[in-house]
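Here is structure19.pdb, consisting of PDB, N, CA and C atoms:
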```pdb
MODEL        1
ATOM      1  N   MET L   1     113.407 108.537  91.799
ATOM      2  CA  MET L   1     114.295 107.482  91.340
ATOM      3  C   MET L   1     113.456 106.354  90.735
ATOM      4  N   GLU L   2     113.871 105.884  89.615
ATOM      5  CA  GLU L   2     113.157 104.824  88.901
ATOM      6  C   GLU L   2     113.318 103.485  89.621
ATOM      7  N   THR L   3     112.261 102.668  89.596
ATOM      8  CA  THR L   3     112.316 101.315  90.147
ATOM      9  C   THR L   3     112.288 100.321  89.001
ATOM     10  N   LYS L   4     113.238  99.404  89.019
ATOM     11  CA  LYS L   4     113.277  98.317  88.036
ATOM     12  C   LYS L   4     112.940  97.019  88.751
ATOM     13  N   VAL L   5     112.080  96.229  88.154
ATOM     14  CA  VAL L   5     111.691  94.946  88.724
ATOM     15  C   VAL L   5     112.305  93.851  87.863
ATOM     16  N   MET L   6     112.964  92.931  88.519
ATOM     17  CA  MET L   6     113.588  91.811  87.822
ATOM     18  C   MET L   6     113.308  90.547  88.620
ATOM     19  N   GLY L   7     113.720  89.421  88.091
ATOM     20  CA  GLY L   7     113.480  88.157  88.774
ATOM     21  C   GLY L   7     114.699  87.266  88.756
ATOM     22  N   SER L   8     114.838  86.474  89.796
ATOM     23  CA  SER L   8     115.920  85.493  89.853
ATOM     24  C   SER L   8     115.673  84.439  88.773
ATOM     25  N   PRO L   9     116.694  83.680  88.406
ATOM     26  CA  PRO L   9     116.473  82.613  87.415
ATOM     27  C   PRO L   9     115.371  81.634  87.840
ATOM     28  N   LYS L  10     115.314  81.289  89.123
ATOM     29  CA  LYS L  10     114.281  80.365  89.600
ATOM     30  C   LYS L  10     112.895  80.978  89.416
ATOM     31  N   PHE L  11     112.751  82.240  89.793
ATOM     32  CA  PHE L  11     111.456  82.899  89.616
ATOM     33  C   PHE L  11     111.089  82.982  88.139
ATOM     34  N   MET L  12     112.032  83.345  87.294
ATOM     35  CA  MET L  12     111.744  83.502  85.868
ATOM     36  C   MET L  12     111.327  82.174  85.225
ATOM     37  N   ARG L  13     111.931  81.069  85.644
ATOM     38  CA  ARG L  13     111.507  79.755  85.125
ATOM     39  C   ARG L  13     110.054  79.488  85.509
ATOM     40  N   PHE L  14     109.701  79.790  86.767
ATOM     41  CA  PHE L  14     108.332  79.604  87.243
ATOM     42  C   PHE L  14     107.370  80.501  86.456
ATOM     43  N   TYR L  15     107.700  81.768  86.361
ATOM     44  CA  TYR L  15     106.846  82.769  85.707
ATOM     45  C   TYR L  15     106.673  82.466  84.215
ATOM     46  N   ASP L  16     107.746  82.112  83.548
ATOM     47  CA  ASP L  16     107.683  81.825  82.105
ATOM     48  C   ASP L  16     106.894  80.557  81.794
ATOM     49  N   ALA L  17     106.772  79.651  82.771
ATOM     50  CA  ALA L  17     106.055  78.397  82.551
ATOM     51  C   ALA L  17     104.539  78.539  82.751
ATOM     52  N   ILE L  18     104.110  79.650  83.312
ATOM     53  CA  ILE L  18     102.678  79.863  83.553
ATOM     54  C   ILE L  18     102.004  80.269  82.239
ATOM     55  N   PRO L  19     100.880  79.656  81.894
ATOM     56  CA  PRO L  19     100.164  80.077  80.679
ATOM     57  C   PRO L  19      99.777  81.560  80.772
ATOM     58  N   LYS L  20     100.077  82.288  79.717
ATOM     59  CA  LYS L  20      99.856  83.746  79.705
ATOM     60  C   LYS L  20      98.396  84.140  79.901
ATOM     61  N   ALA L  21      97.471  83.264  79.562
ATOM     62  CA  ALA L  21      96.045  83.582  79.691
ATOM     63  C   ALA L  21      95.478  83.202  81.064
ATOM     64  N   SER L  22      96.310  82.654  81.939
ATOM     65  CA  SER L  22      95.810  82.184  83.235
ATOM     66  C   SER L  22      95.635  83.329  84.229
ATOM     67  N   ASP L  23      94.780  83.083  85.212
ATOM     68  CA  ASP L  23      94.571  84.053  86.283
ATOM     69  C   ASP L  23      95.853  84.273  87.080
ATOM     70  N   LEU L  24      96.608  83.198  87.313
ATOM     71  CA  LEU L  24      97.858  83.317  88.071
ATOM     72  C   LEU L  24      98.853  84.228  87.360
ATOM     73  N   TYR L  25      98.989  84.079  86.058
ATOM     74  CA  TYR L  25      99.912  84.938  85.308
ATOM     75  C   TYR L  25      99.490  86.406  85.429
ATOM     76  N   ARG L  26      98.215  86.667  85.246
ATOM     77  CA  ARG L  26      97.724  88.046  85.342
ATOM     78  C   ARG L  26      97.926  88.604  86.755
ATOM     79  N   GLU L  27      97.705  87.777  87.759
ATOM     80  CA  GLU L  27      97.879  88.237  89.141
ATOM     81  C   GLU L  27      99.345  88.574  89.426
ATOM     82  N   ILE L  28     100.256  87.725  88.987
ATOM     83  CA  ILE L  28     101.681  87.999  89.194
ATOM     84  C   ILE L  28     102.103  89.211  88.376
ATOM     85  N   ASP L  29     101.625  89.304  87.162
ATOM     86  CA  ASP L  29     101.942  90.458  86.318
ATOM     87  C   ASP L  29     101.472  91.762  86.982
ATOM     88  N   ASP L  30     100.267  91.752  87.540
ATOM     89  CA  ASP L  30      99.758  92.924  88.261
ATOM     90  C   ASP L  30     100.626  93.239  89.477
ATOM     91  N   ALA L  31     101.063  92.195  90.186
ATOM     92  CA  ALA L  31     101.927  92.397  91.358
ATOM     93  C   ALA L  31     103.249  93.029  90.946
ATOM     94  N   LEU L  32     103.809  92.597  89.833
ATOM     95  CA  LEU L  32     105.078  93.168  89.357
ATOM     96  C   LEU L  32     104.915  94.645  88.993
ATOM     97  N   ILE L  33     103.766  94.987  88.428
ATOM     98  CA  ILE L  33     103.489  96.395  88.114
ATOM     99  C   ILE L  33     103.393  97.209  89.409
ATOM    100  N   LEU L  34     102.710  96.665  90.415
ATOM    101  CA  LEU L  34     102.605  97.356  91.701
ATOM    102  C   LEU L  34     103.977  97.541  92.345
ATOM    103  N   LEU L  35     104.832  96.520  92.256
ATOM    104  CA  LEU L  35     106.187  96.635  92.814
ATOM    105  C   LEU L  35     106.992  97.710  92.095
ATOM    106  N   LYS L  36     106.782  97.837  90.799
ATOM    107  CA  LYS L  36     107.476  98.880  90.044
ATOM    108  C   LYS L  36     107.012 100.265  90.491
ATOM    109  N   GLU L  37     105.725 100.387  90.786
ATOM    110  CA  GLU L  37     105.167 101.667  91.228
ATOM    111  C   GLU L  37     105.521 101.988  92.677
ATOM    112  N   ASN L  38     105.579 100.948  93.517
ATOM    113  CA  ASN L  38     105.866 101.139  94.945
ATOM    114  C   ASN L  38     106.588  99.900  95.470
ATOM    115  N   HIS L  39     107.903  99.932  95.445
ATOM    116  CA  HIS L  39     108.703  98.762  95.803
ATOM    117  C   HIS L  39     108.548  98.324  97.260
ATOM    118  N   THR L  40     107.974  99.170  98.109
ATOM    119  CA  THR L  40     107.785  98.794  99.511
ATOM    120  C   THR L  40     106.358  98.346  99.817
ATOM    121  N   CYS L  41     105.575  98.041  98.795
ATOM    122  CA  CYS L  41     104.181  97.671  99.043
ATOM    123  C   CYS L  41     104.039  96.291  99.690
ATOM    124  N   GLY L  42     105.058  95.472  99.613
ATOM    125  CA  GLY L  42     105.026  94.186 100.294
ATOM    126  C   GLY L  42     105.372  94.333 101.759
ATOM    127  N   GLN L  43     105.177  93.258 102.502
ATOM    128  CA  GLN L  43     105.456  93.274 103.933
ATOM    129  C   GLN L  43     106.916  92.903 104.197
ATOM    130  N   ARG L  44     107.529  93.619 105.123
ATOM    131  CA  ARG L  44     108.902  93.333 105.510
ATOM    132  C   ARG L  44     108.927  92.038 106.326
ATOM    133  N   ILE L  45     109.910  91.195 106.052
ATOM    134  CA  ILE L  45     110.101  89.952 106.798
ATOM    135  C   ILE L  45     111.238  90.180 107.785
ATOM    136  N   GLU L  46     111.009  89.844 109.028
ATOM    137  CA  GLU L  46     112.019  90.037 110.067
ATOM    138  C   GLU L  46     113.265  89.204 109.776
ATOM    139  N   ARG L  47     114.422  89.790 110.026
ATOM    140  CA  ARG L  47     115.708  89.161 109.711
ATOM    141  C   ARG L  47     115.849  87.752 110.287
ATOM    142  N   GLU L  48     115.392  87.550 111.503
ATOM    143  CA  GLU L  48     115.561  86.221 112.116
ATOM    144  C   GLU L  48     114.723  85.148 111.426
ATOM    145  N   LYS L  49     113.812  85.537 110.560
ATOM    146  CA  LYS L  49     112.973  84.575 109.833
ATOM    147  C   LYS L  49     113.495  84.291 108.423
ATOM    148  N   TRP L  50     114.557  84.967 108.014
ATOM    149  CA  TRP L  50     115.068  84.789 106.656
ATOM    150  C   TRP L  50     115.665  83.403 106.466
ATOM    151  N   PRO L  51     115.263  82.676 105.430
ATOM    152  CA  PRO L  51     115.924  81.416 105.099
ATOM    153  C   PRO L  51     117.368  81.695 104.650
ATOM    154  N   GLN L  52     118.288  80.903 105.132
ATOM    155  CA  GLN L  52     119.698  81.110 104.801
ATOM    156  C   GLN L  52     119.973  80.963 103.303
ATOM    157  N   CYS L  53     119.139  80.224 102.589
ATOM    158  CA  CYS L  53     119.367  80.068 101.151
ATOM    159  C   CYS L  53     119.312  81.413 100.435
ATOM    160  N   TYR L  54     118.473  82.338 100.891
ATOM    161  CA  TYR L  54     118.404  83.665 100.275
ATOM    162  C   TYR L  54     119.639  84.494 100.624
ATOM    163  N   VAL L  55     120.069  84.395 101.854
ATOM    164  CA  VAL L  55     121.247  85.150 102.294
ATOM    165  C   VAL L  55     122.478  84.669 101.533
ATOM    166  N   GLN L  56     122.633  83.369 101.413
ATOM    167  CA  GLN L  56     123.804  82.805 100.736
ATOM    168  C   GLN L  56     123.781  83.039  99.232
ATOM    169  N   ALA L  57     122.643  82.833  98.608
ATOM    170  CA  ALA L  57     122.566  82.934  97.149
ATOM    171  C   ALA L  57     122.502  84.371  96.646
ATOM    172  N   PHE L  58     121.856  85.245  97.418
ATOM    173  CA  PHE L  58     121.611  86.602  96.914
ATOM    174  C   PHE L  58     122.210  87.707  97.785
ATOM    175  N   ASP L  59     122.844  87.324  98.885
ATOM    176  CA  ASP L  59     123.463  88.296  99.790
ATOM    177  C   ASP L  59     122.476  89.406 100.158
ATOM    178  N   VAL L  60     121.258  89.016 100.524
ATOM    179  CA  VAL L  60     120.209  89.990 100.823
ATOM    180  C   VAL L  60     120.487  90.732 102.121
ATOM    181  N   ASN L  61     120.071  91.974 102.176
ATOM    182  CA  ASN L  61     120.109  92.730 103.429
ATOM    183  C   ASN L  61     118.712  93.240 103.793
ATOM    184  N   ASN L  62     117.712  92.802 103.023
ATOM    185  CA  ASN L  62     116.308  93.027 103.336
ATOM    186  C   ASN L  62     115.507  91.976 102.590
ATOM    187  N   LEU L  63     114.373  91.639 103.111
ATOM    188  CA  LEU L  63     113.538  90.620 102.480
ATOM    189  C   LEU L  63     112.079  91.014 102.700
ATOM    190  N   ARG L  64     111.299  90.882 101.635
ATOM    191  CA  ARG L  64     109.893  91.292 101.688
ATOM    192  C   ARG L  64     109.019  90.208 101.059
ATOM    193  N   ARG L  65     107.738  90.263 101.421
ATOM    194  CA  ARG L  65     106.756  89.293 100.928
ATOM    195  C   ARG L  65     105.592  90.073 100.331
ATOM    196  N   PHE L  66     105.167  89.643  99.146
ATOM    197  CA  PHE L  66     103.981  90.208  98.515
ATOM    198  C   PHE L  66     102.957  89.087  98.467
ATOM    199  N   GLU L  67     101.852  89.270  99.163
ATOM    200  CA  GLU L  67     100.841  88.223  99.240
ATOM    201  C   GLU L  67      99.890  88.302  98.054
ATOM    202  N   LEU L  68      99.659  87.142  97.469
ATOM    203  CA  LEU L  68      98.718  86.977  96.372
ATOM    204  C   LEU L  68      97.512  86.197  96.890
ATOM    205  N   ARG L  69      96.547  85.966  96.039
ATOM    206  CA  ARG L  69      95.369  85.178  96.428
ATOM    207  C   ARG L  69      95.741  83.709  96.621
ATOM    208  N   LYS L  70      94.874  82.994  97.327
ATOM    209  CA  LYS L  70      94.976  81.548  97.533
ATOM    210  C   LYS L  70      96.277  81.129  98.220
ATOM    211  N   GLY L  71      96.802  81.958  99.102
ATOM    212  CA  GLY L  71      98.007  81.609  99.857
ATOM    213  C   GLY L  71      99.300  81.704  99.072
ATOM    214  N   ARG L  72      99.231  82.233  97.874
ATOM    215  CA  ARG L  72     100.438  82.395  97.057
ATOM    216  C   ARG L  72     101.212  83.621  97.523
ATOM    217  N   ARG L  73     102.540  83.585  97.300
ATOM    218  CA  ARG L  73     103.380  84.694  97.722
ATOM    219  C   ARG L  73     104.557  84.874  96.788
ATOM    220  N   LEU L  74     104.998  86.127  96.696
ATOM    221  CA  LEU L  74     106.254  86.456  96.030
ATOM    222  C   LEU L  74     107.224  86.921  97.107
ATOM    223  N   ILE L  75     108.453  86.463  97.040
ATOM    224  CA  ILE L  75     109.498  86.905  97.967
ATOM    225  C   ILE L  75     110.465  87.744  97.162
ATOM    226  N   TYR L  76     110.780  88.944  97.676
ATOM    227  CA  TYR L  76     111.662  89.827  96.934
ATOM    228  C   TYR L  76     112.573  90.619  97.856
ATOM    229  N   THR L  77     113.597  91.196  97.271
ATOM    230  CA  THR L  77     114.528  92.058  97.985
ATOM    231  C   THR L  77     114.687  93.350  97.196
ATOM    232  N   ILE L  78     115.088  94.393  97.878
ATOM    233  CA  ILE L  78     115.243  95.712  97.262
ATOM    234  C   ILE L  78     116.677  96.178  97.461
ATOM    235  N   TYR L  79     117.262  96.756  96.426
ATOM    236  CA  TYR L  79     118.577  97.368  96.564
ATOM    237  C   TYR L  79     118.720  98.483  95.546
ATOM    238  N   THR L  80     119.708  99.319  95.751
ATOM    239  CA  THR L  80     119.955 100.439  94.855
ATOM    240  C   THR L  80     121.153 100.115  93.983
ATOM    241  N   LYS L  81     121.013 100.383  92.694
ATOM    242  CA  LYS L  81     122.092 100.140  91.752
ATOM    243  C   LYS L  81     122.100 101.301  90.762
ATOM    244  N   SER L  82     123.196 102.009  90.698
ATOM    245  CA  SER L  82     123.327 103.198  89.851
ATOM    246  C   SER L  82     122.239 104.199  90.198
ATOM    247  N   ASP L  83     121.439 104.570  89.211
ATOM    248  CA  ASP L  83     120.393 105.569  89.426
ATOM    249  C   ASP L  83     119.016 104.951  89.612
ATOM    250  N   ALA L  84     118.963 103.665  89.938
ATOM    251  CA  ALA L  84     117.659 103.004  90.025
ATOM    252  C   ALA L  84     117.562 102.144  91.280
ATOM    253  N   ILE L  85     116.336 101.978  91.717
ATOM    254  CA  ILE L  85     116.033 101.023  92.774
ATOM    255  C   ILE L  85     115.713  99.710  92.067
ATOM    256  N   GLN L  86     116.357  98.651  92.497
ATOM    257  CA  GLN L  86     116.125  97.328  91.916
ATOM    258  C   GLN L  86     115.253  96.523  92.867
ATOM    259  N   CYS L  87     114.244  95.928  92.336
ATOM    260  CA  CYS L  87     113.361  95.051  93.085
ATOM    261  C   CYS L  87     113.530  93.666  92.453
ATOM    262  N   ASN L  88     114.170  92.751  93.169
ATOM    263  CA  ASN L  88     114.479  91.440  92.624
ATOM    264  C   ASN L  88     113.569  90.393  93.259
ATOM    265  N   VAL L  89     112.668  89.828  92.458
ATOM    266  CA  VAL L  89     111.783  88.768  92.942
ATOM    267  C   VAL L  89     112.603  87.479  92.966
ATOM    268  N   LEU L  90     112.774  86.930  94.157
ATOM    269  CA  LEU L  90     113.624  85.766  94.339
ATOM    270  C   LEU L  90     112.886  84.457  94.103
ATOM    271  N   GLU L  91     111.635  84.409  94.562
ATOM    272  CA  GLU L  91     110.913  83.145  94.488
ATOM    273  C   GLU L  91     109.412  83.397  94.563
ATOM    274  N   ALA L  92     108.661  82.519  93.931
ATOM    275  CA  ALA L  92     107.200  82.542  94.010
ATOM    276  C   ALA L  92     106.750  81.241  94.647
ATOM    277  N   PHE L  93     105.793  81.346  95.526
ATOM    278  CA  PHE L  93     105.226  80.154  96.157
ATOM    279  C   PHE L  93     103.800  80.011  95.685
ATOM    280  N   ASP L  94     103.493  78.824  95.172
ATOM    281  CA  ASP L  94     102.176  78.563  94.610
ATOM    282  C   ASP L  94     101.141  78.263  95.683
ATOM    283  N   ASN L  95     101.611  77.946  96.902
ATOM    284  CA  ASN L  95     100.671  77.702  97.994
ATOM    285  C   ASN L  95     101.349  77.976  99.332
ATOM    286  N   HIS L  96     100.538  78.067 100.356
ATOM    287  CA  HIS L  96     101.038  78.420 101.684
ATOM    288  C   HIS L  96     101.934  77.320 102.253
ATOM    289  N   ARG L  97     101.677  76.074 101.928
ATOM    290  CA  ARG L  97     102.458  74.942 102.435
ATOM    291  C   ARG L  97     103.914  75.049 101.992
ATOM    292  N   GLU L  98     104.143  75.384 100.716
ATOM    293  CA  GLU L  98     105.514  75.538 100.210
ATOM    294  C   GLU L  98     106.221  76.691 100.907
ATOM    295  N   TYR L  99     105.500  77.783 101.110
ATOM    296  CA  TYR L  99     106.050  78.948 101.802
ATOM    297  C   TYR L  99     106.447  78.576 103.234
ATOM    298  N   ASP L 100     105.549  77.897 103.948
ATOM    299  CA  ASP L 100     105.835  77.490 105.324
ATOM    300  C   ASP L 100     107.061  76.584 105.396
ATOM    301  N   LYS L 101     107.187  75.701 104.419
ATOM    302  CA  LYS L 101     108.341  74.782 104.401
ATOM    303  C   LYS L 101     109.643  75.555 104.218
ATOM    304  N   ARG L 102     109.667  76.503 103.288
ATOM    305  CA  ARG L 102     110.871  77.295 103.029
ATOM    306  C   ARG L 102     111.275  78.105 104.264
ATOM    307  N   PHE L 103     110.277  78.669 104.955
ATOM    308  CA  PHE L 103     110.551  79.528 106.087
ATOM    309  C   PHE L 103     110.609  78.779 107.414
ATOM    310  N   GLY L 104     110.445  77.459 107.378
ATOM    311  CA  GLY L 104     110.593  76.632 108.572
ATOM    312  C   GLY L 104     109.470  76.756 109.582
ATOM    313  N   TYR L 105     108.276  77.049 109.118
ATOM    314  CA  TYR L 105     107.131  77.153 110.033
ATOM    315  C   TYR L 105     106.491  75.809 110.237
TER     316      TYR L 105
ENDMDL
END
```
Written as structure tokens, that's how I'd like the structure from this file.
Amino acid sequence: METKVMGSPKFMRFYDAIPKASDLYREIDDALILLKENHTCGQRIEREKWPQCYVQAFDVNNLRRFELRKGRRLIYTIYTKSDAIQCNVLEAFDNHREYDKRFGY
């Protein structure tokens, strides 16, 4: 089954604003390719740790984290739609502090 990787509007605004020649852009681009090849390569986040904003906005029933360098992270969910697995990147965190704040740590 084919995997399609897409991004939420918030993620796409963040991603589109990154200079294409930057290390961060290349790192995220590589992560998106890895997610397309193996949508479960990120770590599963336990349900009790899910921020309610993701549940309310995206009606998620699973949540995963893909760790990047320098404490950066991508948060994504996986679902099946028609003949494809959809991997939807919900948010990118530029540092660990922002991630901790979102997840209430």
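Considering only C-alpha atoms, the residue among L:Phe93, L:Tyr105, L:Phe66, L:Phe11 positioned nearest to Thr40 in chain L is L:Phe66.
With only C-alpha atoms as the atoms that count, the residue of L:Glu67, L:Met6, L:Phe58, L:Met1 with the shortest distance to Cys41 in chain L is L:Glu67.
When the PyMOL selection byres ((chain L and resi 90) around 5) is evaluated on the file shown here, the picked residues come out as Ser8, Phe11, Ile75, Tyr76, Asn88, Val89, Glu91 and Ala92 of chain L.
Picture a line from CA of Leu74 in chain L to CA of Arg97 in chain L; it runs 13.7 Å.
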> Do you have the atom C of Ile28 in chain L-CA of Leu68 in chain L distance handy?
Replying inline: 9.0 Å
>> For the provided coordinates, the residues matched by the PyMOL selection byres ((chain L and resi 36) around 8) should be stated as a PyMOL selection string.
In response: chain L and resi 2-5+30-35+37-40+87
Limited to N, CA and C atoms, could you put the picked residues into a file as a short mmCIF file (atom, residue, chain, number, x, y, z; two decimals), in the coordinates of the input?
```
data_model
loop_
_atom_site.label_atom_id
_atom_site.label_comp_id
_atom_site.auth_asym_id
_atom_site.auth_seq_id
_atom_site.Cartn_x
_atom_site.Cartn_y
_atom_site.Cartn_z
N GLU L 2 113.87 105.88 89.62
CA GLU L 2 113.16 104.82 88.90
C GLU L 2 113.32 103.48 89.62
N THR L 3 112.26 102.67 89.60
CA THR L 3 112.32 101.32 90.15
C THR L 3 112.29 100.32 89.00
N LYS L 4 113.24 99.40 89.02
CA LYS L 4 113.28 98.32 88.04
C LYS L 4 112.94 97.02 88.75
N VAL L 5 112.08 96.23 88.15
CA VAL L 5 111.69 94.95 88.72
C VAL L 5 112.30 93.85 87.86
N ASP L 30 100.27 91.75 87.54
CA ASP L 30 99.76 92.92 88.26
C ASP L 30 100.63 93.24 89.48
N ALA L 31 101.06 92.20 90.19
CA ALA L 31 101.93 92.40 91.36
C ALA L 31 103.25 93.03 90.95
N LEU L 32 103.81 92.60 89.83
CA LEU L 32 105.08 93.17 89.36
C LEU L 32 104.92 94.64 88.99
N ILE L 33 103.77 94.99 88.43
CA ILE L 33 103.49 96.40 88.11
C ILE L 33 103.39 97.21 89.41
N LEU L 34 102.71 96.66 90.42
CA LEU L 34 102.60 97.36 91.70
C LEU L 34 103.98 97.54 92.34
N LEU L 35 104.83 96.52 92.26
CA LEU L 35 106.19 96.64 92.81
C LEU L 35 106.99 97.71 92.10
N GLU L 37 105.72 100.39 90.79
CA GLU L 37 105.17 101.67 91.23
C GLU L 37 105.52 101.99 92.68
N ASN L 38 105.58 100.95 93.52
CA ASN L 38 105.87 101.14 94.94
C ASN L 38 106.59 99.90 95.47
N HIS L 39 107.90 99.93 95.44
CA HIS L 39 108.70 98.76 95.80
C HIS L 39 108.55 98.32 97.26
N THR L 40 107.97 99.17 98.11
CA THR L 40 107.78 98.79 99.51
C THR L 40 106.36 98.35 99.82
N CYS L 87 114.24 95.93 92.34
CA CYS L 87 113.36 95.05 93.08
C CYS L 87 113.53 93.67 92.45
#
```
